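Asker: This is target05.txt, which holds compact mmCIF, C-alpha atoms:
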```
# COMPACT_ATOMS: atom_id res chain seq x y z
CA MET A 1 292.26 202.71 64.59
CA ASN A 2 291.68 204.46 67.90
CA GLY A 3 289.64 202.48 70.37
CA ILE A 4 289.03 201.98 74.06
CA SER A 5 291.91 200.11 75.66
CA ALA A 6 291.59 196.36 76.09
CA ASN A 7 292.18 197.02 79.80
CA SER A 8 289.04 199.17 79.99
CA ALA A 9 285.65 197.92 81.12
CA PRO A 10 283.71 196.05 78.42
CA LEU A 11 280.99 197.79 76.43
CA GLU A 12 277.73 197.50 78.39
CA ILE A 13 274.89 196.57 76.03
CA TYR A 14 271.26 196.98 77.13
CA LEU A 15 268.64 195.14 75.04
CA LEU A 16 265.47 196.75 76.35
CA GLY A 17 262.66 196.08 73.89
CA LEU A 18 259.83 198.65 73.87
CA VAL A 19 260.32 201.32 76.55
CA ASP A 20 259.05 204.84 77.10
CA PHE A 21 261.23 207.59 75.65
CA ASP A 22 261.65 209.43 78.95
CA GLU A 23 262.83 206.26 80.71
CA ALA A 24 265.45 205.64 78.01
CA LEU A 25 266.58 209.26 78.34
CA GLY A 26 266.88 208.90 82.11
CA LEU A 27 269.00 205.78 81.67
CA GLN A 28 271.28 207.60 79.25
CA ARG A 29 271.81 210.42 81.74
CA ARG A 30 272.66 207.93 84.45
CA LEU A 31 275.13 206.13 82.19
CA VAL A 32 276.75 209.46 81.25
CA TYR A 33 277.20 210.19 84.94
CA GLU A 34 278.71 206.74 85.54
CA ARG A 35 281.11 207.14 82.63
CA GLY A 36 282.53 210.14 84.47
CA GLU A 37 283.52 207.83 87.32
CA ARG A 38 284.89 204.86 85.35
CA SER A 39 285.99 203.83 81.87
CA GLY A 40 284.16 202.06 79.09
CA GLY A 41 281.03 202.78 77.06
CA ALA A 42 277.41 201.69 76.92
CA LEU A 43 274.97 200.88 74.14
CA ILE A 44 271.18 200.93 74.54
CA LEU A 45 269.08 199.21 71.86
CA CYS A 46 265.34 199.73 72.21
CA GLU A 47 262.07 200.76 70.57
CA HIS A 48 259.63 203.46 71.67
CA PRO A 49 255.86 203.96 71.63
CA ALA A 50 254.83 206.77 69.29
CA THR A 51 256.96 209.77 70.29
CA ILE A 52 258.40 212.83 68.56
CA SER A 53 261.73 214.10 69.83
CA VAL A 54 262.76 217.61 68.81
CA GLY A 55 266.49 218.33 68.74
CA ARG A 56 268.34 221.64 68.61
CA SER A 57 267.73 222.04 64.84
CA GLY A 58 264.06 221.14 65.16
CA SER A 59 260.99 223.31 65.50
CA ARG A 60 257.30 222.93 66.33
CA ALA A 61 256.74 224.10 62.76
CA HIS A 62 258.26 220.81 61.58
CA ILE A 63 255.31 218.87 63.07
CA ASP A 64 252.23 219.09 60.87
CA ALA A 65 249.71 217.84 63.45
CA ASP A 66 248.27 220.19 66.06
CA ASP A 67 248.33 219.34 69.76
CA GLU A 68 244.78 217.98 69.73
CA LEU A 69 245.54 215.49 66.95
CA LEU A 70 248.79 214.43 68.63
CA ARG A 71 246.87 213.72 71.85
CA ALA A 72 244.23 211.77 69.93
CA LEU A 73 246.94 209.66 68.31
CA GLY A 74 248.74 209.12 71.60
CA VAL A 75 251.93 210.78 70.30
CA ARG A 76 254.08 212.50 72.92
CA VAL A 77 256.52 215.31 72.08
CA HIS A 78 259.87 215.70 73.87
CA TRP A 79 262.24 218.65 73.43
CA VAL A 80 265.75 217.30 73.83
CA ASN A 81 269.29 218.65 73.93
CA ARG A 82 270.81 216.76 71.01
CA GLY A 83 271.90 217.66 67.52
CA GLY A 84 269.58 217.14 64.60
CA GLY A 85 265.94 218.03 64.13
CA CYS A 86 262.63 216.26 64.66
CA GLN A 87 262.55 212.48 64.84
CA LEU A 88 259.48 210.29 65.05
CA HIS A 89 259.93 207.14 67.13
CA VAL A 90 257.54 204.22 66.69
CA PRO A 91 257.61 200.47 67.28
CA GLY A 92 259.58 198.79 64.51
CA GLN A 93 262.20 201.53 64.55
CA LEU A 94 265.44 200.70 66.36
CA ALA A 95 266.74 203.44 68.65
CA ILE A 96 270.52 203.13 69.05
CA TYR A 97 271.81 205.14 72.02
CA LEU A 98 275.58 205.05 72.40
CA VAL A 99 277.21 206.50 75.52
CA MET A 100 280.92 206.90 74.79
CA PRO A 101 283.79 208.89 76.38
CA LEU A 102 285.33 210.89 73.53
CA GLN A 103 288.68 211.50 75.23
CA GLU A 104 289.07 207.79 75.94
CA LEU A 105 288.48 207.12 72.24
CA GLY A 106 290.87 209.86 71.18
CA LEU A 107 288.14 211.48 69.05
CA ASP A 108 286.64 214.92 68.66
CA LEU A 109 282.92 215.29 67.95
CA ALA A 110 283.36 215.38 64.16
CA GLY A 111 285.41 212.17 64.22
CA TYR A 112 282.87 210.51 66.48
CA LEU A 113 279.96 211.43 64.20
CA ALA A 114 281.87 210.16 61.18
CA ARG A 115 282.35 206.76 62.81
CA LEU A 116 278.74 206.62 63.97
CA GLY A 117 277.61 207.31 60.42
CA ARG A 118 279.96 204.64 59.13
CA ALA A 119 278.43 202.16 61.58
CA ALA A 120 274.95 202.95 60.20
CA LEU A 121 276.16 202.32 56.64
CA GLU A 122 277.80 199.05 57.70
CA VAL A 123 274.50 197.86 59.18
CA LEU A 124 272.67 198.64 55.95
CA GLU A 125 275.40 196.93 53.93
CA GLU A 126 275.12 193.74 55.99
CA CYS A 127 271.35 193.79 55.50
CA ASP A 128 271.77 193.83 51.69
CA LEU A 129 271.01 197.55 51.34
CA GLY A 130 274.51 198.92 50.86
CA ARG A 131 274.15 199.89 47.20
CA MET A 132 271.49 202.50 47.94
CA ALA A 133 272.71 203.64 51.39
CA ARG A 134 274.27 207.07 51.98
CA LEU A 135 274.46 209.90 54.48
CA GLN A 136 273.15 213.42 53.90
CA GLY A 137 273.89 215.62 56.87
CA SER A 138 272.21 213.94 59.83
CA ALA A 139 269.92 211.87 57.59
CA VAL A 140 270.54 208.21 56.73
CA LEU A 141 269.12 207.58 53.26
CA LEU A 142 268.21 204.61 51.11
CA GLY A 143 268.07 206.07 47.63
CA GLU A 144 266.14 209.31 47.98
CA GLU A 145 264.14 208.28 51.05
CA GLN A 146 265.13 208.60 54.70
CA VAL A 147 265.51 205.42 56.75
CA GLY A 148 267.15 206.87 59.86
CA ALA A 149 268.85 209.82 61.47
CA LEU A 150 271.90 210.77 63.52
CA GLY A 151 271.60 212.96 66.59
CA VAL A 152 274.22 213.30 69.31
CA ALA A 153 274.66 215.28 72.51
CA VAL A 154 277.87 215.72 74.52
CA ARG A 155 278.21 216.29 78.26
CA ARG A 156 281.61 216.41 79.98
CA TRP A 157 283.09 215.05 76.72
CA ILE A 158 280.86 212.00 76.93
CA ALA A 159 278.68 211.50 73.87
CA TYR A 160 275.15 210.12 74.13
CA TYR A 161 271.99 209.69 72.02
CA GLY A 162 273.11 208.23 68.68
CA LEU A 163 270.95 207.21 65.74
CA THR A 164 267.70 205.59 64.64
CA LEU A 165 267.01 203.05 61.89
CA ASN A 166 263.57 202.15 60.57
CA VAL A 167 263.63 198.36 60.46
CA GLY A 168 259.98 197.66 59.71
CA PRO A 169 257.66 200.25 61.27
CA PHE A 170 254.24 201.28 60.00
CA LEU A 171 255.26 204.29 57.88
CA ALA A 172 252.03 206.33 57.73
CA PRO A 173 252.72 208.20 61.04
CA PHE A 174 255.83 209.76 59.49
CA GLN A 175 253.42 212.03 57.62
CA LEU A 176 253.26 213.97 60.90
CA LEU A 177 256.71 215.42 60.13
CA ASN A 178 257.69 217.96 57.50
CA ALA A 179 261.24 218.46 58.75
CA PRO A 180 263.75 219.78 56.18
CA GLY A 181 267.08 218.24 55.27
CA GLY A 182 266.11 214.60 54.87
CA GLY A 183 265.06 212.55 51.89
CA ARG A 184 261.89 212.57 49.84
CA GLY A 185 259.71 210.89 52.41
CA TRP A 186 260.44 208.03 54.78
CA THR A 187 261.07 204.37 54.18
CA SER A 188 262.13 201.27 56.09
CA MET A 189 264.74 198.56 55.65
CA GLU A 190 261.99 195.99 55.12
CA ALA A 191 260.27 198.13 52.47
CA LYS A 192 263.47 198.50 50.47
CA ARG A 193 264.40 194.81 50.84
CA GLN A 194 260.81 193.82 49.97
CA ARG A 195 261.02 190.97 52.43
CA PRO A 196 260.92 190.59 56.24
CA LEU A 197 263.86 191.56 58.42
CA SER A 198 263.98 190.57 62.07
CA MET A 199 264.75 193.18 64.71
CA ALA A 200 267.04 190.64 66.41
CA ARG A 201 269.22 190.39 63.30
CA VAL A 202 269.51 194.16 63.04
CA ARG A 203 270.43 194.47 66.73
CA GLU A 204 273.19 191.88 66.32
CA THR A 205 274.48 193.70 63.24
CA VAL A 206 274.48 197.03 65.08
CA ILE A 207 276.57 195.55 67.90
CA ARG A 208 279.15 194.16 65.47
CA SER A 209 279.33 197.42 63.52
CA ILE A 210 279.71 199.60 66.63
CA GLU A 211 282.51 197.38 67.89
CA ASP A 212 284.17 197.44 64.47
CA VAL A 213 284.20 201.19 63.87
CA PHE A 214 285.17 202.10 67.45
CA GLY A 215 287.78 199.36 67.90
CA LEU A 216 286.00 197.64 70.78
CA GLU A 217 286.80 194.05 71.68
CA ARG A 218 284.61 193.04 74.63
CA HIS A 219 281.01 193.49 75.67
CA VAL A 220 278.53 192.32 78.27
CA VAL A 221 274.78 192.12 77.62
CA PHE A 222 271.93 193.11 79.95
CA THR A 223 268.21 192.71 79.24
CA ASN A 224 266.99 195.20 81.83
CA HIS A 225 268.09 198.02 84.13
CA PRO A 226 266.73 199.08 87.55
CA THR A 227 265.72 202.51 86.18
CA ILE A 228 263.49 200.97 83.51
CA GLY A 229 259.93 200.13 84.52
CA ARG A 230 257.87 197.30 83.15
CA LYS A 231 258.65 197.02 79.44
CA ARG A 232 255.72 197.46 77.09
CA SER A 233 255.07 194.77 74.49
CA THR A 234 252.42 196.40 72.31
CA HIS A 235 251.24 199.80 71.19
CA VAL A 236 248.10 200.67 69.23
CA PHE A 237 247.48 204.09 67.67
CA ALA A 238 244.46 205.78 69.20
CA SER A 239 242.88 206.72 65.89
CA SER A 240 242.07 204.99 62.62
CA ILE A 241 243.17 208.08 60.66
CA TRP A 242 246.04 206.10 59.16
```
Translate the structure described by the file into structure tokens.

Answerer:
Amino acid sequence: MNGISANSAPLEIYLLGLVDFDEALGLQRRLVYERGERSGGALILCEHPATISVGRSGSRAHIDADDELLRALGVRVHWVNRGGGCQLHVPGQLAIYLVMPLQELGLDLAGYLARLGRAALEVLEECDLGRMARLQGSAVLLGEEQVGALGVAVRRWIAYYGLTLNVGPFLAPFQLLNAPGGGRGWTSMEAKRQRPLSMARVRETVIRSIEDVFGLERHVVFTNHPTIGRKRSTHVFASSIW
């Protein structure tokens, strides 16, 4: 298996809790820049307040709510330069942003996406959901329902963004999306397990799976970064429409 050399810098892991989408994006851009100056990769694990990100395959037509309703609900929309379509980010969903130098891994984009998808399936397997887990394009499915999505961008042959997994979010806000190509509605890992699942366990499983599929052997963990402001601990939707 190709992997980053044992002589390279360890994988930098950032456990950031609930942070604004634009701050996480700014951190990714900084880490991409730094990867151009030195070896090694970085992994950001976080959650976001209610946000819709629209990738290159997405469209405003894939969001059912008008601008007034989105403002009332406190949902921000970001147009981003990654693959994939519209993704809704809410607390209880784990955002997995992996910044990796493709040349250092000896991978092209297709090979990288294949390994990233395999990591997602490994996480679901370890959380007792493997029998119903599969990939369909950029969608991560449990049975016929979507539990996550892949979406990657590349700059100077350094990949960033990554994937999302719904651990245990409130699912009603996903009605805001009507994006094609996914499953028949949205679900969560907790809903399919029919019992609680801690975010901490999923984060630990993600780290192990990423290291496994990319052949990584060392990591160092950070719980903050100077570019990230005060982390938010709660988020309440602005309307009782749900």

Asker: Out of A:Leu31, A:Leu88, A:Cys46, A:Ile158, which residue has the shortest atom-to-atom distance to Gly106 in chain A when counting all atoms listed in the file?

Answerer: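 Of A:Leu31, A:Leu88, A:Cys46, A:Ile158, the one nearest Gly106 in chain A, counting all atoms listed in the file, is A:Ile158.
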
Asker: Go through A:Pro173, A:Gly17, A:Pro226, A:Pro101 one by one, measure the shortest atom-to-atom distance of each to Ile52 in chain A using all atoms listed in the file, and give the residue with the smallest value.

Answerer: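 Comparing A:Pro173, A:Gly17, A:Pro226, A:Pro101 against Ile52 in chain A, the winner is A:Pro173.
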
Asker: When you draw a straight line from CA of Ile228 in chain A to CA of Leu121 in chain A, how long is it in Å?

Answerer: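 Atom-to-atom, CA of Ile228 in chain A to CA of Leu121 in chain A, that is 29.7 Å.
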
Asker: Could you tell me which of A:Val90, A:Ala50, A:Ile96, A:Val147 comes closest to Arg71 in chain A if we count all atoms listed in the file?

Answerer: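 Using all atoms listed in the file, the shortest distance to Arg71 in chain A belongs to A:Ala50.
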
Asker: If we count only C-alpha atoms and set the cut-off at 6 Å, which residues sit around Leu94 in chain A, ignoring sequence neighbours fewer than 6 positions away in its own chain? Please answer as JSON, numbers by chain.

Answerer: {"A": [46, 47, 164, 165]}

Asker: Which range 133-205 of chain A residues have any atom within 7 Å of an atom of range 63-67 of chain A, and for each, what is the nearest pair of atoms with distance in Å to one decimal, counting all atoms listed in the file, rows sorted by chain and number, as a tab-separated table?

Answerer:
```
residue	atom	partner	partner_atom	distance
A:Leu176	CA	A:Asp64	CA	5.2
A:Leu177	CA	A:Ile63	CA	4.7
A:Asn178	CA	A:Ile63	CA	6.1
```

Asker: Counting all atoms listed in the file, find residues at most 12 Å from (277.4, 216.1, 60.4) (file frame) and give them as a ChimeraX atom specification.

Answerer: /A:83-84,109-118,135-140,149-152,181

Asker: Tell me which of A:Arg60, A:Gln146, A:Leu141, A:Val167 sits closest to Val206 in chain A, counting only C-alpha atoms.

Answerer: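 Once distances to Val206 in chain A are computed over only C-alpha atoms, the minimum belongs to A:Val167.
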
Asker: In terms of the shortest atom-to-atom distance over all atoms listed in the file, which of A:Ala72, A:Ala172, A:Met189, A:Val77 is closest to Leu124 in chain A?

Answerer: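 Checking each of A:Ala72, A:Ala172, A:Met189, A:Val77 against Leu124 in chain A, counting all atoms listed in the file, the winner is A:Met189.
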
Asker: Could you please give me, as a list of chain:residue names, the residues of protein, DNA or RNA lying at most 8 Å from (260.9, 199.9, 55.4) in the coordinate frame of the file, considering only C-alpha atoms?

Answerer: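 Every residue inside that radius is included here: A:Val147, A:Asn166, A:Val167, A:Gly168, A:Pro169, A:Leu171, A:Thr187, A:Ser188, A:Met189, A:Glu190, A:Ala191, A:Lys192, A:Arg193.
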